[in-house]
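Structure file protein_3.txt (compact mmCIF, C-alpha atoms) is printed below.
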# COMPACT_ATOMS: atom_id res chain seq x y z
CA MET V 1 28.12 -27.50 56.23
CA SER V 2 24.88 -28.19 58.07
CA ASN V 3 21.67 -29.43 56.44
CA ASP V 4 20.02 -26.04 57.14
CA THR V 5 22.78 -24.22 55.24
CA ARG V 6 22.58 -26.61 52.25
CA SER V 7 18.83 -26.19 52.09
CA PHE V 8 19.23 -22.39 52.21
CA ILE V 9 21.85 -22.42 49.44
CA ARG V 10 19.71 -24.74 47.31
CA ARG V 11 16.67 -22.43 47.67
CA ALA V 12 18.77 -19.36 46.86
CA ALA V 13 20.22 -21.07 43.77
CA LEU V 14 16.77 -22.14 42.58
CA GLY V 15 15.45 -18.63 43.15
CA ALA V 16 18.32 -17.14 41.13
CA CYS V 17 17.69 -19.62 38.30
CA ALA V 18 13.98 -18.84 38.30
CA ALA V 19 14.70 -15.08 38.19
CA ALA V 20 17.15 -15.52 35.30
CA LEU V 21 14.66 -17.68 33.41
CA ALA V 22 11.86 -15.17 33.99
CA ALA V 23 14.05 -12.36 32.70
CA MET V 24 14.67 -14.32 29.49
CA VAL V 25 11.01 -15.27 28.94
CA VAL V 26 9.17 -12.17 30.15
CA PRO V 27 10.44 -8.98 28.50
CA SER V 28 10.71 -5.78 30.48
CA ALA V 29 7.73 -3.40 30.37
CA PRO V 30 9.17 -1.02 27.73
CA ALA V 31 10.17 -3.88 25.41
CA HIS V 32 6.80 -5.55 25.87
CA ALA V 33 4.93 -2.35 25.03
CA ALA V 34 7.05 -1.83 21.92
CA THR V 35 6.57 -5.32 20.55
CA SER V 36 2.93 -6.08 21.31
CA HIS V 37 1.44 -2.77 20.16
CA PRO V 38 3.40 -1.69 17.07
CA THR V 39 2.17 1.32 15.17
CA VAL V 40 0.88 0.31 11.74
CA THR V 41 1.10 2.96 9.04
CA LEU V 42 -1.01 3.07 5.92
CA ALA V 43 1.47 3.47 3.08
CA LYS V 44 -0.76 3.67 0.00
CA PRO V 45 -4.55 3.60 0.31
CA GLY V 46 -6.19 2.26 -2.83
CA ASN V 47 -2.92 1.55 -4.63
CA GLY V 48 -4.05 0.44 -8.10
CA ALA V 49 -6.65 -2.30 -8.05
CA GLY V 50 -7.79 -2.15 -4.44
CA VAL V 51 -4.52 -2.89 -2.63
CA LEU V 52 -4.08 -1.78 0.98
CA THR V 53 -0.36 -1.69 1.89
CA LEU V 54 0.53 -1.95 5.59
CA THR V 55 3.93 -1.58 7.20
CA VAL V 56 4.54 -3.35 10.50
CA PRO V 57 7.65 -2.11 12.34
CA ALA V 58 10.34 -4.67 13.15
CA THR V 59 10.13 -6.24 16.59
CA ARG V 60 13.88 -6.92 16.83
CA PRO V 61 16.76 -4.49 16.49
CA GLY V 62 18.30 -4.54 13.02
CA ALA V 63 15.35 -6.38 11.45
CA ALA V 64 13.52 -4.84 8.50
CA PRO V 65 9.88 -3.80 8.86
CA LEU V 66 7.33 -6.16 7.33
CA THR V 67 5.25 -4.91 4.40
CA ILE V 68 1.89 -6.62 3.93
CA ASP V 69 -0.29 -6.06 0.86
CA CYS V 70 -3.99 -6.82 1.26
CA THR V 71 -6.01 -6.89 -1.95
CA VAL V 72 -9.68 -5.89 -1.57
CA THR V 73 -11.84 -7.26 -4.41
CA PRO V 74 -15.55 -6.58 -4.92
CA SER V 75 -17.15 -9.05 -7.34
CA THR V 76 -19.39 -7.93 -10.16
CA PRO V 77 -22.93 -8.63 -8.85
CA PHE V 78 -24.48 -11.81 -10.20
CA ARG V 79 -27.89 -13.44 -10.25
CA TYR V 80 -28.45 -16.42 -7.98
CA TYR V 81 -31.30 -18.92 -7.79
CA GLY V 82 -32.90 -20.31 -4.63
CA GLY V 83 -31.81 -19.01 -1.25
CA PRO V 84 -33.71 -16.71 1.09
CA TYR V 85 -35.48 -14.70 -1.63
CA GLY V 86 -36.05 -17.56 -4.06
CA GLY V 87 -33.41 -15.97 -6.25
CA GLY V 88 -31.99 -12.51 -6.55
CA GLU V 89 -28.79 -10.54 -6.87
CA GLU V 90 -25.62 -11.32 -4.89
CA GLY V 91 -22.38 -9.45 -4.27
CA LEU V 92 -19.14 -10.85 -2.87
CA ALA V 93 -16.14 -9.12 -1.33
CA THR V 94 -12.79 -10.86 -0.84
CA VAL V 95 -9.65 -9.73 0.96
CA GLU V 96 -6.35 -11.55 0.38
CA CYS V 97 -3.19 -10.58 2.31
CA SER V 98 0.42 -11.41 1.42
CA ALA V 99 1.21 -12.42 5.03
CA LEU V 100 -0.75 -13.75 7.98
CA VAL V 101 -2.57 -11.02 9.91
CA TYR V 102 -4.33 -11.11 13.28
CA LYS V 103 -7.75 -9.94 12.03
CA ILE V 104 -9.45 -9.25 8.71
CA GLN V 105 -12.89 -7.68 8.71
CA VAL V 106 -14.44 -7.53 5.25
CA ASP V 107 -17.57 -5.45 4.59
CA VAL V 108 -19.71 -5.90 1.50
CA ALA V 109 -22.63 -3.79 0.29
CA LEU V 110 -24.94 -4.16 -2.70
CA TYR V 111 -26.09 -0.99 -4.47
CA TYR V 112 -29.32 -0.89 -6.49
CA ASN V 113 -29.66 2.07 -8.89
CA GLY V 114 -26.90 3.87 -6.94
CA SER V 115 -28.37 3.40 -3.44
CA GLN V 116 -27.11 0.90 -0.87
CA VAL V 117 -29.81 -1.71 -0.25
CA THR V 118 -28.00 -4.44 1.71
CA TYR V 119 -24.84 -4.97 3.74
CA ASN V 120 -22.93 -7.78 5.43
CA SER V 121 -19.66 -8.17 7.32
CA ARG V 122 -17.42 -11.12 8.16
CA THR V 123 -14.36 -11.35 10.38
CA ALA V 124 -11.52 -13.87 10.14
CA TYR V 125 -8.76 -14.22 12.75
CA ASN V 126 -5.15 -15.32 12.12
CA ALA V 127 -5.88 -15.44 8.41
CA LEU V 128 -4.53 -14.67 4.96
CA SER V 129 -7.99 -14.09 3.46
CA ALA V 130 -11.66 -13.47 4.20
CA THR V 131 -14.86 -13.34 2.13
CA ALA V 132 -18.32 -11.89 2.77
CA ASP V 133 -21.48 -12.01 0.67
CA THR V 134 -24.80 -10.19 0.61
CA GLU V 135 -28.06 -10.81 -1.25
CA TYR V 136 -31.03 -8.77 -2.44
CA PRO V 137 -34.30 -9.72 -4.19
CA LEU V 138 -34.01 -9.32 -7.96
CA LYS V 139 -35.56 -6.18 -9.43
CA GLN V 140 -34.98 -4.57 -12.79
CA GLY V 141 -32.15 -2.03 -12.56
CA SER V 142 -28.45 -1.41 -12.10
CA TYR V 143 -26.42 -3.26 -9.44
CA GLN V 144 -22.93 -2.69 -8.07
CA THR V 145 -20.94 -4.30 -5.23
CA GLY V 146 -18.92 -2.25 -2.73
CA ALA V 147 -16.11 -3.73 -0.61
CA ARG V 148 -14.06 -2.42 2.30
CA ALA V 149 -11.52 -4.09 4.60
CA THR V 150 -10.30 -3.34 8.11
CA ILE V 151 -7.00 -5.06 8.86
CA THR V 152 -5.35 -5.52 12.26
CA THR V 153 -1.87 -6.98 11.81
CA VAL V 154 -1.18 -8.01 15.43
CA LEU V 155 -3.19 -8.48 18.62
CA GLY V 156 -3.59 -5.05 20.20
CA GLY V 157 -2.39 -3.33 17.02
CA THR V 158 -4.02 -0.37 15.33
CA PRO V 159 -6.71 -1.36 12.79
CA VAL V 160 -6.40 0.20 9.32
CA THR V 161 -9.46 0.61 7.08
CA SER V 162 -9.35 0.72 3.29
CA PRO V 163 -11.42 3.00 1.09
CA VAL V 164 -14.62 1.49 -0.33
CA TYR V 165 -13.85 -0.17 -3.67
CA GLY V 166 -16.63 -0.59 -6.24
CA SER V 167 -17.17 -3.30 -8.83
CA ALA V 168 -18.40 -2.88 -12.35
CA SER V 169 -22.14 -2.14 -12.65
CA VAL V 170 -24.55 -4.69 -14.08
CA ASN V 171 -27.98 -3.91 -15.57
CA LEU V 172 -30.58 -6.63 -15.12
CA PRO V 173 -33.93 -6.83 -16.89
Write-out of the structure in structure tokens:
Amino acid sequence: MSNDTRSFIRRAALGACAAALAAMVVPSAPAHAATSHPTVTLAKPGNGAGVLTLTVPATRPGAAPLTIDCTVTPSTPFRYYGGPYGGGEEGLATVECSALVYKIQVDVALYYNGSQVTYNSRTAYNALSATADTEYPLKQGSYQTGARATITTVLGGTPVTSPVYGSASVNLP
């Protein structure tokens, strides 16, 4: 066998190995589309105390779908001292998920006498939880915190938004 033939066989063997390796590492187009953009269905909006239940389809044949519960909790508004207004009323919103998700966006609003007066939003990536807060100058009246979450379970997945959950109302002198 000549050196030219050995070199040709070596290149052909390396090319075949590279093709086999690429086929193992890079899924075909239909499999890639099915695994990177699963459809997320909202099973029970507002189940009980602000729980958003998401179902993520299985990415492997025979595997069970993953159910993720994300609890959306608005805090009862409370008085704070110092800060940007020299003191005032603050509301917090927390989202806690039972499994790691790609993105959690938590929105929080503070209501004064039934009208929204302030709003804030925070986003956490590759997280189990996220918290946002908002503040308003203290005035006599009734305050309530509203919280909403938008959850994206995987990169490129469909975001699912919860209803707005409200806290207990507080009357301040």
Near V:Asp133, within 12 Å and counting all atoms listed in the file, which residues show up once chain neighbours fewer than 4 positions away are dropped, as number ranges by chain?
V: 73-78, 80, 89-94, 106-110, 118-122, 145-147
Can you work out the spacing between atom CA of V:Val170 and atom CA of V:Tyr143 in Å, to one decimal?
5.2 Å
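Counting from atom CA of V:Asp69, the distance to atom CA of V:Leu155 is 18.2 Å.
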Between atom CA of V:Leu138 and atom CA of V:Glu96, distance in Å (one decimal)
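Between these atoms lies a distance of 29.0 Å.
Closest approach to V:Pro163 from the set V:Ala99, V:Val72, V:Ile104, V:Ala58 is made by V:Val72, with distances taken over only C-alpha atoms.
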Find the residues around V:Val95 up to 6 Å (only C-alpha atoms counted), leave out those fewer than 4 positions away in its own chain, and share them as a VMD selection string.
chain V and resid 71 to 72 129 to 130
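Taking all atoms listed in the file into account, V:Gly114 lies nearest to V:Gly166 out of the set V:Gly62, V:Gly166, V:Gly156, V:Gly50.
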Restricting the calculation to all atoms listed in the file, which member of V:Gly157, V:Pro173, V:Pro137, V:Gly83 is positioned closest to V:Pro57?
V:Gly157
Using all atoms listed in the file, can you tell me which of V:Gln144, V:Thr150, V:Ser98, V:Ser169 comes closest to V:Ser115?
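Selected residue with least distance to V:Ser115: V:Gln144.
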